[in-house]
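The file entry-v3.cif contains mmCIF, C-alpha atoms:
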```
data_query
#
loop_
_atom_site.group_PDB
_atom_site.id
_atom_site.type_symbol
_atom_site.label_atom_id
_atom_site.label_comp_id
_atom_site.auth_asym_id
_atom_site.auth_seq_id
_atom_site.Cartn_x
_atom_site.Cartn_y
_atom_site.Cartn_z
ATOM 1 C CA TRP P 1 104.739 161.917 45.332
ATOM 2 C CA LEU P 2 105.416 159.775 48.346
ATOM 3 C CA LEU P 3 102.078 160.744 49.900
ATOM 4 C CA LEU P 4 100.193 159.641 46.811
ATOM 5 C CA LEU P 5 102.161 156.416 46.492
ATOM 6 C CA LEU P 6 101.546 155.391 50.112
ATOM 7 C CA PHE P 7 97.864 156.383 50.180
ATOM 8 C CA PRO P 8 96.476 153.080 48.778
ATOM 9 C CA PHE P 9 98.480 151.083 51.312
ATOM 10 C CA THR P 10 96.919 153.054 54.165
ATOM 11 C CA ILE P 11 93.361 153.657 53.000
ATOM 12 C CA VAL P 12 92.525 150.055 52.100
ATOM 13 C CA PRO P 13 93.268 148.638 55.591
ATOM 14 C CA TYR P 14 91.574 151.642 57.217
ATOM 15 C CA THR P 15 88.415 151.137 55.167
ATOM 16 C CA TYR P 16 88.530 147.403 55.866
ATOM 17 C CA VAL P 17 88.679 147.984 59.619
ATOM 18 C CA THR P 18 85.876 150.567 59.576
ATOM 19 C CA SER P 19 83.685 148.185 57.572
ATOM 20 C CA PHE P 20 83.343 146.023 60.680
ATOM 21 C CA LEU P 21 81.255 148.768 62.292
ATOM 22 C CA PHE P 22 78.344 147.856 59.992
ATOM 23 C CA SER P 23 76.353 144.729 59.263
ATOM 24 C CA GLU P 24 74.901 145.880 55.923
ATOM 25 C CA ASP P 25 76.519 147.248 52.793
ATOM 26 C CA ALA P 26 74.519 150.428 52.170
ATOM 27 C CA PRO P 27 75.137 152.131 55.543
ATOM 28 C CA ALA P 28 78.818 151.195 55.364
ATOM 29 C CA GLN P 29 79.154 152.720 51.909
ATOM 30 C CA ASN P 30 77.318 155.896 52.936
ATOM 31 C CA PHE P 31 79.486 156.247 56.021
ATOM 32 C CA THR P 32 82.682 155.707 54.043
ATOM 33 C CA ILE P 33 81.762 158.286 51.411
ATOM 34 C CA LEU P 34 80.658 160.927 53.927
ATOM 35 C CA HIS P 35 83.542 160.201 56.277
ATOM 36 C CA HIS P 36 86.164 160.645 53.567
ATOM 37 C CA PHE P 37 84.364 163.712 52.196
ATOM 38 C CA PHE P 38 84.526 165.466 55.557
ATOM 39 C CA VAL P 39 87.963 164.222 56.588
ATOM 40 C CA ALA P 40 89.655 164.895 53.246
ATOM 41 C CA GLY P 41 87.497 167.719 51.905
ATOM 42 C CA ILE P 42 86.170 169.851 54.731
ATOM 43 C CA PHE P 43 88.579 169.410 57.660
ATOM 44 C CA PRO P 44 91.779 170.487 55.844
ATOM 45 C CA ILE P 45 90.124 173.730 54.730
ATOM 46 C CA PHE P 46 88.692 174.305 58.204
ATOM 47 C CA LEU P 47 92.067 173.742 59.866
ATOM 48 C CA PHE P 48 93.847 175.948 57.341
ATOM 49 C CA ILE P 49 91.480 178.783 58.252
ATOM 50 C CA LEU P 50 91.951 178.109 61.976
ATOM 51 C CA ARG P 51 95.724 178.247 61.655
ATOM 52 C CA LEU P 52 95.656 181.655 59.926
ATOM 53 C CA THR P 53 94.826 183.643 63.065
ATOM 54 C CA ASP P 54 96.883 183.756 66.243
ATOM 55 C CA ALA P 55 93.847 183.245 68.484
ATOM 56 C CA THR P 56 92.926 179.861 66.994
ATOM 57 C CA GLU P 57 96.332 178.662 65.803
ATOM 58 C CA ASP P 58 96.986 176.437 68.837
ATOM 59 C CA PHE P 59 93.541 174.860 68.607
ATOM 60 C CA GLY P 60 94.063 174.165 64.908
ATOM 61 C CA ASP P 61 97.446 172.575 65.592
ATOM 62 C CA ASN P 62 95.974 170.327 68.307
ATOM 63 C CA VAL P 63 93.069 169.193 66.128
ATOM 64 C CA ARG P 64 95.493 168.551 63.283
ATOM 65 C CA TRP P 65 97.421 166.073 65.451
ATOM 66 C CA VAL P 66 94.221 164.160 66.222
ATOM 67 C CA LEU P 67 93.230 164.053 62.550
ATOM 68 C CA ARG P 68 96.653 162.728 61.563
ATOM 69 C CA LEU P 69 95.399 159.308 62.673
ATOM 70 C CA LEU P 70 93.184 159.241 59.569
ATOM 71 C CA PRO P 71 94.829 158.365 56.230
ATOM 72 C CA SER P 72 92.546 160.597 54.159
ATOM 73 C CA TYR P 73 93.463 163.642 56.199
ATOM 74 C CA CYS P 74 97.161 162.764 56.175
ATOM 75 C CA THR P 75 97.246 162.730 52.396
ATOM 76 C CA VAL P 76 95.239 165.890 51.757
ATOM 77 C CA GLY P 77 96.642 167.709 54.783
ATOM 78 C CA GLY P 78 100.173 166.837 53.714
ATOM 79 C CA ILE P 79 99.652 168.151 50.196
ATOM 80 C CA ASN P 80 97.999 171.276 51.594
ATOM 81 C CA SER P 81 100.823 171.838 54.082
ATOM 82 C CA ILE P 82 103.515 171.496 51.440
ATOM 83 C CA ALA P 83 101.640 173.829 49.087
ATOM 84 C CA THR P 84 101.069 176.554 51.691
ATOM 85 C CA LYS P 85 104.205 176.297 53.842
ATOM 86 C CA ASP P 86 105.797 179.432 52.365
ATOM 87 C CA GLN P 87 102.630 181.487 52.763
ATOM 88 C CA MET P 88 102.093 180.358 56.362
ATOM 89 C CA ALA P 89 105.713 181.136 57.286
ATOM 90 C CA ASN P 90 105.487 184.598 55.715
ATOM 91 C CA ASP P 91 102.240 185.337 57.564
ATOM 92 C CA ARG P 92 103.839 184.329 60.868
ATOM 93 C CA GLY P 93 107.096 186.178 60.178
ATOM 94 C CA GLU P 94 109.176 182.991 60.230
ATOM 95 C CA SER P 95 111.544 181.447 57.730
ATOM 96 C CA PRO P 96 109.894 178.793 55.533
ATOM 97 C CA PRO P 97 110.570 175.191 56.615
ATOM 98 C CA SER P 98 112.046 172.694 54.191
ATOM 99 C CA ALA P 99 109.811 170.092 52.573
ATOM 100 C CA LEU P 100 111.374 167.400 54.777
ATOM 101 C CA ASP P 101 110.823 169.296 58.030
ATOM 102 C CA PHE P 102 108.612 167.550 60.593
ATOM 103 C CA GLU P 103 106.420 170.623 61.110
ATOM 104 C CA VAL P 104 105.602 171.398 57.483
#
```
How would this structure read if it were set down as structure tokens?
Amino acid sequence: WLLLLLFPFTIVPYTYVTSFLFSEDAPAQNFTILHHFFVAGIFPIFLFILRLTDATEDFGDNVRWVLRLLPSYCTVGGINSIATKDQMANDRGESPPSALDFEV
């Protein structure tokens, strides 16, 4: 619940700052919609698939740290990580981390 409660306080300033990249409304709106679609919709699925195999797990972890700078990814990635933490730990042969662990 904390992720969903903090999301408005992070996404509004982020969108405000990115709006300064544009001088007109229509391109800014298109960028914002597409940006959040890819960051919150496509990238979490892509990184989940990357982290499933041993060969691409390190790459997926590194990209995940870069994407954690974006509020949309933090919210969706956090929900995805909490939902799949048991499955990922079982696939890797590890014990499942707690929900408050830093590497969920």
remark   = Using all atoms listed in the file, the residue out of P:Val66, P:Ile45, P:Cys74, P:Glu24 with shortest distance to Leu4 of chain P is P:Cys74
task = Can you work out which one of P:Leu70, P:Val12, P:Leu52, P:Val63 has the shortest atom-to-atom distance to Lys85 of chain P, counting all atoms listed in the file?
result =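 Result for the nearest residue to Lys85 of chain P: P:Leu52.
Neighbouring residues of Arg51 of chain P at 12 Å or closer, counting all atoms listed in the file and skipping chain neighbours under 6 positions away, are Pro44, Ile45, Glu57, Asp58, Phe59, Gly60, Asp61, Asn62, Val63, Arg64, Ser81, Thr84, Lys85, Gln87, Met88, Ala89, Asp91 and Arg92 of chain P.
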task = Apply the PyMOL selection byres ((chain P and resi 75) around 9) to the displayed file and report the matching residues as an NGL selection string.
result = :P and (3-4 or 6-7 or 40 or 70-74 or 76-80)
Neighbouring residues of segment 14-18 of chain P were defined as those with any atom within 12 Å, considering all atoms listed in the file; residues of the same chain fewer than 6 positions away were excluded. Please report them as a PDB file with C-alpha atoms, keeping the file's coordinate frame.
```pdb
ATOM      1  CA  PHE P   7      97.864 156.383  50.180  1.00  0.00           C
ATOM      2  CA  PRO P   8      96.476 153.080  48.778  1.00  0.00           C
ATOM      3  CA  PRO P  27      75.137 152.131  55.543  1.00  0.00           C
ATOM      4  CA  ALA P  28      78.818 151.195  55.364  1.00  0.00           C
ATOM      5  CA  GLN P  29      79.154 152.720  51.909  1.00  0.00           C
ATOM      6  CA  PHE P  31      79.486 156.247  56.021  1.00  0.00           C
ATOM      7  CA  THR P  32      82.682 155.707  54.043  1.00  0.00           C
ATOM      8  CA  ILE P  33      81.762 158.286  51.411  1.00  0.00           C
ATOM      9  CA  HIS P  35      83.542 160.201  56.277  1.00  0.00           C
ATOM     10  CA  HIS P  36      86.164 160.645  53.567  1.00  0.00           C
ATOM     11  CA  LEU P  69      95.399 159.308  62.673  1.00  0.00           C
ATOM     12  CA  LEU P  70      93.184 159.241  59.569  1.00  0.00           C
ATOM     13  CA  PRO P  71      94.829 158.365  56.230  1.00  0.00           C
ATOM     14  CA  SER P  72      92.546 160.597  54.159  1.00  0.00           C
TER      15      SER P  72
END
```
ask   = Which distance in Å separates atom CA of Pro13 of chain P and atom CA of Gly41 of chain P, to one decimal?
value = 20.3 Å
Padding of 5 Å on every side, edges along x, y and z, all listed atoms of segment 34-39 of chain P included: what centre and edge lengths in Å, to one decimal, does that box have, as JSON?
```
{"center_x": 84.3, "center_y": 162.8, "center_z": 54.4, "size_x": 17.3, "size_y": 15.3, "size_z": 14.4}
```
inquiry  = Please report the interatomic distance between atom CA of Leu34 of chain P and atom CA of Ile11 of chain P in Å with one decimal.
reply    = 14.7 Å
query = Restricting the calculation to only C-alpha atoms, which member of P:Phe22, P:Phe43, P:Ser98, P:Ile49 is positioned closest to Asp86 of chain P?
reply =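 Ranking P:Phe22, P:Phe43, P:Ser98, P:Ile49 by distance to Asp86 of chain P, first place goes to P:Ser98.
You will find atom CA of Ser19 of chain P at 22.0 Å from atom CA of Ile42 of chain P.
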